[in-house]
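Written out below as structure tokens is the structure these notes cover.
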Amino acid sequence: MMSVKCSRCNRPAFYYRPYSGEYLCKKCFPITIKEKVRKTISKYKMLEYGDKIGVAVSGGKDSLSLLKILTEISKGKGSEVIAITIDEGIKGYRDEALKLVRKVSKKLNVRYTVYSFKDLFGYTMDELVKIKSNISACAICGVFRRRALDIAAMEEGVTVLATAHNLDDTIQTFFINLFNVDLKRISWISPISKPSNLFKIRRIHPMIELYEKEIALYAYLEGMPLQSTTCPYMEEGIRSEIRSYLNSMEDRHPGIKYNIYYAALRIAERLKSEVKAVRCKLCGFPSINEVCQVCQLRSTITKIKSF
Ligand code: SF4
Ligand code: ZN
Ligand code: ZN
């Protein structure tokens with residue numbers, strides 16, 4: 001790599017991008033990432049002039065990078081960016097992440113706001129994992145976090161909610177849902193969910209066409225702070241097997257992850273017409289069943305606690 005020149009500017013290259021055949025230097029690489037996000041935004045018409053953009057920021061490298069890129073991209077477009085963090089209540093882990101979000105938001109001059117599981121649902125994750133149920137910690141956490149973000153977005157009055165899903169997350173989730181024969185969840189795969197009469201806020205995933213390892217490299221080159229702790233409740237299950245299988249496929253067939261992604265989008269599009277969202281009869285939030293997952297979880301927790 002030492003003697004190879006950057007395909008864009010002739011400086012010494014430090015990274016080879018197998019799926020495009022480009023060599024990139026440390027200066028051009030972050031520019032290509034920002035360009036890719038910009039292209040994804042314009043391809044799927046994700047942003048409009050004057051948007052109030054809520055960015056879901058967990059404190060991980062992906063969401064901090066998204067916050068930085070969206071703040072830079074939206075400058076001069078009459079838009080406002082707000083960092084929204086959900087505090088699940090995981091001692092040690094989330095506290096550190098919150099500090100990182102605060103630090104990066106300050107540096108970017110972006111307002112940040114925190115909504116907690118405890119305030120919204122009455123329990124922290126530390127309390128929820130002690131209630132023994134057959135539902136995994138990550139499943140409980142994911143359901144409550146999605147709802148917490150929706151509530152935060154509504155309360156903050158944002159017009160668009162951006163989350164940092166990347167290409168790898170998206171195709172891993174596609175396979176997990178495929179193996180579970182969960183066609184409803186496959187139908188949700190999309191770079192953008194347009195507002196509806198059930199939920200008036202646009203949801204967008206501007207990094208959905210970026211490889212996870214390239215976002216990690218971007219975060220490193222841009223000096224993003226890295227979290228030193230991992231979540232004590234993390235249960236990767238089949239996801240880590242799918243991740244290593246897809247990574248080894250990508251090594252042998254550069255670009256195959258993109259093919260899977262586009263296939264997943266087309267399958268999701270076909271399935272969408274079969275899956276109708278309704279209002280949860282208990283809480284009124286959009287749901288694919290009569291009673292939404294949040295209300296189902298809450299009633300399971302209440303039942304277990306009353307025993
Ligand atoms: Fe929640 Fe699981 Fe992530 Fe921990 S690893 S924050 S429990 S989803
Ligand atoms: Zn260059
Ligand atoms: Zn509900």
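The way I read the labels, and the way they are meant: chains A, B, ... in the order of the structure tokens, residue 1 as the first residue of every chain, and ligand 1 as the first ligand shown, with later ones counted on from there.
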What are the closest atom pairs, with distances in Å to one decimal, for each residue of chain A lying within 9 Å of ligand 3, using only C-alpha atoms and all ligand atoms, rows by chain and rising residue number, as CSV?
residue,atom,partner,partner_atom_place_in_ligand_line,distance
A:Arg279,CA,ligand 3,1 (Zn),7.9
A:Cys280,CA,ligand 3,1 (Zn),4.6
A:Lys281,CA,ligand 3,1 (Zn),6.5
A:Leu282,CA,ligand 3,1 (Zn),4.9
A:Cys283,CA,ligand 3,1 (Zn),4.0
A:Gly284,CA,ligand 3,1 (Zn),6.0
A:Phe285,CA,ligand 3,1 (Zn),5.8
A:Pro286,CA,ligand 3,1 (Zn),7.9
A:Ser287,CA,ligand 3,1 (Zn),7.4
A:Glu290,CA,ligand 3,1 (Zn),8.3
A:Val291,CA,ligand 3,1 (Zn),5.3
A:Cys292,CA,ligand 3,1 (Zn),4.2
A:Gln293,CA,ligand 3,1 (Zn),6.6
A:Val294,CA,ligand 3,1 (Zn),5.6
A:Cys295,CA,ligand 3,1 (Zn),4.3
A:Gln296,CA,ligand 3,1 (Zn),7.3
Mind dumping the selected residues with all heavy atoms as a compact mmCIF listing (two decimals), in the first residue's frame?
# COMPACT_ATOMS: atom_id res chain seq x y z
N ARG A 279 -53.54 1.05 14.60
CA ARG A 279 -53.24 1.69 15.88
C ARG A 279 -53.40 0.66 16.99
O ARG A 279 -54.39 -0.08 17.00
CB ARG A 279 -54.25 2.81 16.14
CG ARG A 279 -53.70 4.15 15.80
CD ARG A 279 -54.60 5.28 16.23
NE ARG A 279 -54.43 6.38 15.29
CZ ARG A 279 -53.33 7.10 15.20
NH1 ARG A 279 -52.30 6.86 15.99
NH2 ARG A 279 -53.24 8.07 14.31
N CYS A 280 -52.43 0.60 17.90
CA CYS A 280 -52.54 -0.32 19.05
C CYS A 280 -53.80 0.07 19.82
O CYS A 280 -54.01 1.26 20.10
CB CYS A 280 -51.30 -0.20 19.93
SG CYS A 280 -51.49 -0.98 21.54
N LYS A 281 -54.62 -0.92 20.16
CA LYS A 281 -55.88 -0.57 20.81
C LYS A 281 -55.67 -0.11 22.25
O LYS A 281 -56.58 0.44 22.86
CB LYS A 281 -56.88 -1.72 20.73
CG LYS A 281 -56.53 -2.94 21.51
CD LYS A 281 -57.67 -3.94 21.42
CE LYS A 281 -57.39 -5.12 22.34
NZ LYS A 281 -58.31 -6.20 22.20
N LEU A 282 -54.47 -0.32 22.81
CA LEU A 282 -54.23 0.12 24.19
C LEU A 282 -53.54 1.49 24.27
O LEU A 282 -53.92 2.33 25.06
CB LEU A 282 -53.38 -0.92 24.94
CG LEU A 282 -54.03 -2.30 25.09
CD1 LEU A 282 -53.10 -3.25 25.82
CD2 LEU A 282 -55.36 -2.18 25.84
N CYS A 283 -52.51 1.69 23.43
CA CYS A 283 -51.76 2.94 23.57
C CYS A 283 -51.90 3.88 22.37
O CYS A 283 -51.50 5.04 22.45
CB CYS A 283 -50.28 2.65 23.82
SG CYS A 283 -49.45 1.94 22.38
N GLY A 284 -52.40 3.37 21.25
CA GLY A 284 -52.63 4.23 20.10
C GLY A 284 -51.44 4.40 19.18
O GLY A 284 -51.54 5.04 18.14
N PHE A 285 -50.28 3.80 19.54
CA PHE A 285 -49.11 3.91 18.66
C PHE A 285 -49.26 2.93 17.49
O PHE A 285 -49.99 1.95 17.59
CB PHE A 285 -47.82 3.60 19.45
CG PHE A 285 -47.22 4.80 20.10
CD1 PHE A 285 -47.70 5.25 21.34
CD2 PHE A 285 -46.21 5.51 19.48
CE1 PHE A 285 -47.16 6.37 21.94
CE2 PHE A 285 -45.66 6.64 20.08
CZ PHE A 285 -46.14 7.07 21.31
N PRO A 286 -48.55 3.20 16.38
CA PRO A 286 -48.67 2.27 15.25
C PRO A 286 -48.18 0.87 15.63
O PRO A 286 -47.23 0.72 16.38
CB PRO A 286 -47.72 2.87 14.19
CG PRO A 286 -47.37 4.22 14.66
CD PRO A 286 -47.63 4.29 16.12
N SER A 287 -48.86 -0.12 15.07
CA SER A 287 -48.52 -1.51 15.42
C SER A 287 -48.91 -2.40 14.25
O SER A 287 -49.79 -2.06 13.46
CB SER A 287 -49.30 -1.89 16.68
OG SER A 287 -49.21 -3.27 16.91
N GLU A 290 -52.95 -6.07 16.86
CA GLU A 290 -53.97 -5.29 17.60
C GLU A 290 -53.36 -4.60 18.82
O GLU A 290 -53.69 -3.46 19.14
CB GLU A 290 -55.05 -6.26 18.09
CG GLU A 290 -56.34 -6.12 17.36
CD GLU A 290 -57.47 -6.83 18.07
OE1 GLU A 290 -57.29 -7.36 19.18
OE2 GLU A 290 -58.55 -6.84 17.47
N VAL A 291 -52.48 -5.34 19.51
CA VAL A 291 -51.79 -4.78 20.68
C VAL A 291 -50.31 -4.72 20.34
O VAL A 291 -49.73 -5.70 19.87
CB VAL A 291 -52.02 -5.66 21.94
CG1 VAL A 291 -51.21 -5.15 23.12
CG2 VAL A 291 -53.50 -5.72 22.28
N CYS A 292 -49.70 -3.55 20.55
CA CYS A 292 -48.30 -3.37 20.11
C CYS A 292 -47.34 -4.13 21.03
O CYS A 292 -47.70 -4.56 22.13
CB CYS A 292 -47.96 -1.89 20.07
SG CYS A 292 -47.70 -1.20 21.70
N GLN A 293 -46.09 -4.22 20.59
CA GLN A 293 -45.09 -4.97 21.36
C GLN A 293 -44.81 -4.34 22.72
O GLN A 293 -44.57 -5.05 23.70
CB GLN A 293 -43.78 -5.01 20.58
CG GLN A 293 -43.80 -6.01 19.44
CD GLN A 293 -42.43 -6.10 18.81
OE1 GLN A 293 -41.88 -5.09 18.40
NE2 GLN A 293 -41.88 -7.28 18.77
N VAL A 294 -44.87 -3.01 22.79
CA VAL A 294 -44.61 -2.34 24.06
C VAL A 294 -45.69 -2.72 25.07
O VAL A 294 -45.40 -3.10 26.21
CB VAL A 294 -44.55 -0.80 23.87
CG1 VAL A 294 -44.48 -0.07 25.20
CG2 VAL A 294 -43.37 -0.42 23.00
N CYS A 295 -46.95 -2.65 24.63
CA CYS A 295 -48.05 -2.99 25.56
C CYS A 295 -48.01 -4.47 25.93
O CYS A 295 -48.28 -4.84 27.07
CB CYS A 295 -49.40 -2.62 24.93
SG CYS A 295 -49.61 -0.83 24.83
N GLN A 296 -47.64 -5.33 24.96
CA GLN A 296 -47.52 -6.77 25.27
C GLN A 296 -46.43 -6.99 26.32
O GLN A 296 -46.64 -7.72 27.29
CB GLN A 296 -47.15 -7.55 24.01
CG GLN A 296 -48.31 -7.71 23.04
CD GLN A 296 -47.89 -8.46 21.78
OE1 GLN A 296 -46.98 -9.26 21.78
NE2 GLN A 296 -48.55 -8.18 20.67
Shell of 12 Å around A:Glu155, only C-alpha atoms, local chain residues under 2 positions omitted, as a list in words |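 Skipping anything fewer than 2 positions along the chain leaves Gly54, Ile84, Thr113, Val114, Tyr115, Ala148, Leu149, Asp150, Ile151, Ala152, Ala153, Gly157, Val158, Thr159 and Ile201 of chain A.
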So that I can check the surroundings of A:Leu128, please list as a PDB file with N, CA and C atoms, in the first residue's frame every protein, DNA and RNA residue that reaches within 12 Å of it, counting only C-alpha atoms and ignoring chain neighbours fewer than 5 positions away.
ATOM      1  N   GLU A  88     -31.205   3.877  28.799  1.00  0.00           N
ATOM      2  CA  GLU A  88     -31.919   2.640  29.170  1.00  0.00           C
ATOM      3  C   GLU A  88     -31.782   2.333  30.652  1.00  0.00           C
ATOM      4  N   GLY A  89     -30.813   2.996  31.302  1.00  0.00           N
ATOM      5  CA  GLY A  89     -30.586   2.704  32.718  1.00  0.00           C
ATOM      6  C   GLY A  89     -29.713   1.474  32.879  1.00  0.00           C
ATOM      7  N   ILE A  90     -28.514   1.518  32.291  1.00  0.00           N
ATOM      8  CA  ILE A  90     -27.552   0.408  32.422  1.00  0.00           C
ATOM      9  C   ILE A  90     -26.310   1.002  33.070  1.00  0.00           C
ATOM     10  N   PHE A 117     -35.693   5.312  30.140  1.00  0.00           N
ATOM     11  CA  PHE A 117     -36.672   4.221  30.301  1.00  0.00           C
ATOM     12  C   PHE A 117     -37.428   4.410  31.617  1.00  0.00           C
ATOM     13  N   LYS A 118     -36.662   4.793  32.663  1.00  0.00           N
ATOM     14  CA  LYS A 118     -37.266   4.916  33.992  1.00  0.00           C
ATOM     15  C   LYS A 118     -38.424   5.912  33.957  1.00  0.00           C
ATOM     16  N   PHE A 121     -41.171   4.429  31.153  1.00  0.00           N
ATOM     17  CA  PHE A 121     -41.833   3.129  31.356  1.00  0.00           C
ATOM     18  C   PHE A 121     -41.846   2.657  32.809  1.00  0.00           C
ATOM     19  N   GLY A 122     -41.138   3.386  33.669  1.00  0.00           N
ATOM     20  CA  GLY A 122     -41.156   3.028  35.090  1.00  0.00           C
ATOM     21  C   GLY A 122     -40.043   2.099  35.525  1.00  0.00           C
ATOM     22  N   TYR A 123     -39.252   1.589  34.580  1.00  0.00           N
ATOM     23  CA  TYR A 123     -38.162   0.661  34.943  1.00  0.00           C
ATOM     24  C   TYR A 123     -36.879   1.036  34.212  1.00  0.00           C
ATOM     25  N   SER A 133     -37.819 -13.397  32.706  1.00  0.00           N
ATOM     26  CA  SER A 133     -38.817 -13.780  31.699  1.00  0.00           C
ATOM     27  C   SER A 133     -38.061 -14.540  30.620  1.00  0.00           C
ATOM     28  N   ILE A 135     -37.897 -13.627  27.631  1.00  0.00           N
ATOM     29  CA  ILE A 135     -37.559 -12.684  26.554  1.00  0.00           C
ATOM     30  C   ILE A 135     -36.146 -12.152  26.811  1.00  0.00           C
ATOM     31  N   SER A 136     -35.335 -12.093  25.762  1.00  0.00           N
ATOM     32  CA  SER A 136     -33.941 -11.675  25.953  1.00  0.00           C
ATOM     33  C   SER A 136     -33.865 -10.185  26.302  1.00  0.00           C
ATOM     34  N   ALA A 137     -32.786  -9.822  26.994  1.00  0.00           N
ATOM     35  CA  ALA A 137     -32.595  -8.425  27.403  1.00  0.00           C
ATOM     36  C   ALA A 137     -32.605  -7.506  26.179  1.00  0.00           C
ATOM     37  N   CYS A 138     -31.913  -7.937  25.108  1.00  0.00           N
ATOM     38  CA  CYS A 138     -31.835  -7.070  23.926  1.00  0.00           C
ATOM     39  C   CYS A 138     -33.201  -6.903  23.255  1.00  0.00           C
ATOM     40  N   ALA A 139     -34.030  -7.947  23.304  1.00  0.00           N
ATOM     41  CA  ALA A 139     -35.361  -7.835  22.692  1.00  0.00           C
ATOM     42  C   ALA A 139     -36.194  -6.812  23.476  1.00  0.00           C
ATOM     43  N   ILE A 140     -36.145  -6.900  24.799  1.00  0.00           N
ATOM     44  CA  ILE A 140     -36.893  -5.946  25.638  1.00  0.00           C
ATOM     45  C   ILE A 140     -36.369  -4.524  25.391  1.00  0.00           C
ATOM     46  N   CYS A 141     -35.062  -4.416  25.418  1.00  0.00           N
ATOM     47  CA  CYS A 141     -34.403  -3.118  25.262  1.00  0.00           C
ATOM     48  C   CYS A 141     -34.752  -2.486  23.901  1.00  0.00           C
ATOM     49  N   PHE A 144     -38.477  -1.219  23.770  1.00  0.00           N
ATOM     50  CA  PHE A 144     -38.663   0.022  24.541  1.00  0.00           C
ATOM     51  C   PHE A 144     -37.874   1.181  23.934  1.00  0.00           C
ATOM     52  N   TYR A 233     -25.392  -6.760  29.117  1.00  0.00           N
ATOM     53  CA  TYR A 233     -26.516  -7.655  28.778  1.00  0.00           C
ATOM     54  C   TYR A 233     -26.506  -8.100  27.322  1.00  0.00           C
ATOM     55  N   LEU A 297     -45.292  -6.318  26.137  1.00  0.00           N
ATOM     56  CA  LEU A 297     -44.181  -6.480  27.088  1.00  0.00           C
ATOM     57  C   LEU A 297     -44.571  -5.978  28.474  1.00  0.00           C
ATOM     58  N   ARG A 298     -45.232  -4.815  28.489  1.00  0.00           N
ATOM     59  CA  ARG A 298     -45.617  -4.240  29.786  1.00  0.00           C
ATOM     60  C   ARG A 298     -46.549  -5.188  30.531  1.00  0.00           C
ATOM     61  N   THR A 300     -46.720  -8.455  30.177  1.00  0.00           N
ATOM     62  CA  THR A 300     -45.944  -9.632  30.619  1.00  0.00           C
ATOM     63  C   THR A 300     -45.168  -9.287  31.892  1.00  0.00           C
ATOM     64  N   ILE A 301     -44.553  -8.101  31.925  1.00  0.00           N
ATOM     65  CA  ILE A 301     -43.756  -7.702  33.083  1.00  0.00           C
ATOM     66  C   ILE A 301     -44.653  -7.588  34.325  1.00  0.00           C
ATOM     67  N   THR A 302     -45.821  -6.959  34.147  1.00  0.00           N
ATOM     68  CA  THR A 302     -46.741  -6.791  35.270  1.00  0.00           C
ATOM     69  C   THR A 302     -47.184  -8.156  35.808  1.00  0.00           C
ATOM     70  N   ILE A 304     -45.588 -11.079  35.579  1.00  0.00           N
ATOM     71  CA  ILE A 304     -44.473 -11.761  36.266  1.00  0.00           C
ATOM     72  C   ILE A 304     -44.257 -11.132  37.642  1.00  0.00           C
ATOM     73  N   LYS A 305     -44.337  -9.798  37.704  1.00  0.00           N
ATOM     74  CA  LYS A 305     -44.085  -9.107  38.977  1.00  0.00           C
ATOM     75  C   LYS A 305     -45.150  -9.414  40.046  1.00  0.00           C
TER      76      LYS A 305
END
Could you pull out the helix (DSSP H, G or I) residues of stretch 20-207 of chain A from DSSP and send them as a ChimeraX atom specification?
-> /A:28-43,61-74,93-108,117-121,125-128,137-156,167-179,183-187
What lies within 10 Å of A:Ala97 using only C-alpha atoms, ignoring chain neighbours under 5 positions off, as a compact mmCIF listing (two decimals) with N, CA, C and O atoms, in the first residue's frame?
# COMPACT_ATOMS: atom_id res chain seq x y z
N VAL A 57 -28.79 9.21 19.04
CA VAL A 57 -27.35 9.05 19.30
C VAL A 57 -27.15 8.19 20.56
O VAL A 57 -27.48 8.61 21.67
N SER A 58 -26.62 7.00 20.33
CA SER A 58 -26.41 6.10 21.47
C SER A 58 -25.07 6.37 22.15
O SER A 58 -24.85 5.97 23.28
N GLY A 59 -24.16 7.00 21.41
CA GLY A 59 -22.81 7.21 21.95
C GLY A 59 -21.81 6.27 21.29
O GLY A 59 -20.60 6.36 21.53
N GLY A 60 -22.31 5.36 20.44
CA GLY A 60 -21.42 4.47 19.69
C GLY A 60 -20.83 5.21 18.48
O GLY A 60 -21.28 6.31 18.14
N THR A 85 -30.82 11.12 22.94
CA THR A 85 -30.23 9.91 23.52
C THR A 85 -31.24 9.25 24.44
O THR A 85 -31.94 9.94 25.19
N ASP A 87 -31.67 6.85 27.54
CA ASP A 87 -30.94 6.27 28.67
C ASP A 87 -31.72 5.06 29.15
O ASP A 87 -32.76 5.19 29.79
N GLY A 92 -22.91 2.14 34.49
CA GLY A 92 -21.55 1.98 33.97
C GLY A 92 -21.52 2.16 32.47
O GLY A 92 -20.90 3.08 31.95
N ARG A 102 -22.62 14.00 25.12
CA ARG A 102 -22.56 15.39 25.59
C ARG A 102 -21.34 16.10 25.01
O ARG A 102 -21.43 17.21 24.49
N LYS A 103 -20.20 15.41 25.06
CA LYS A 103 -18.94 15.99 24.59
C LYS A 103 -19.00 16.32 23.09
O LYS A 103 -18.69 17.43 22.66
N PRO A 225 -14.60 9.99 19.94
CA PRO A 225 -14.25 9.23 21.14
C PRO A 225 -14.89 7.84 21.11
O PRO A 225 -15.99 7.68 20.59
N LEU A 226 -14.18 6.86 21.62
CA LEU A 226 -14.71 5.50 21.59
C LEU A 226 -15.09 5.05 22.99
O LEU A 226 -14.39 5.34 23.96
N GLN A 227 -16.19 4.33 23.06
CA GLN A 227 -16.64 3.84 24.35
C GLN A 227 -15.75 2.67 24.78
O GLN A 227 -15.43 1.81 23.96
N SER A 228 -15.36 2.66 26.06
CA SER A 228 -14.45 1.59 26.49
C SER A 228 -15.20 0.41 27.07
O SER A 228 -14.66 -0.68 27.18
N THR A 229 -16.48 0.61 27.45
CA THR A 229 -17.22 -0.50 28.05
C THR A 229 -18.23 -1.07 27.05
O THR A 229 -18.68 -0.37 26.14
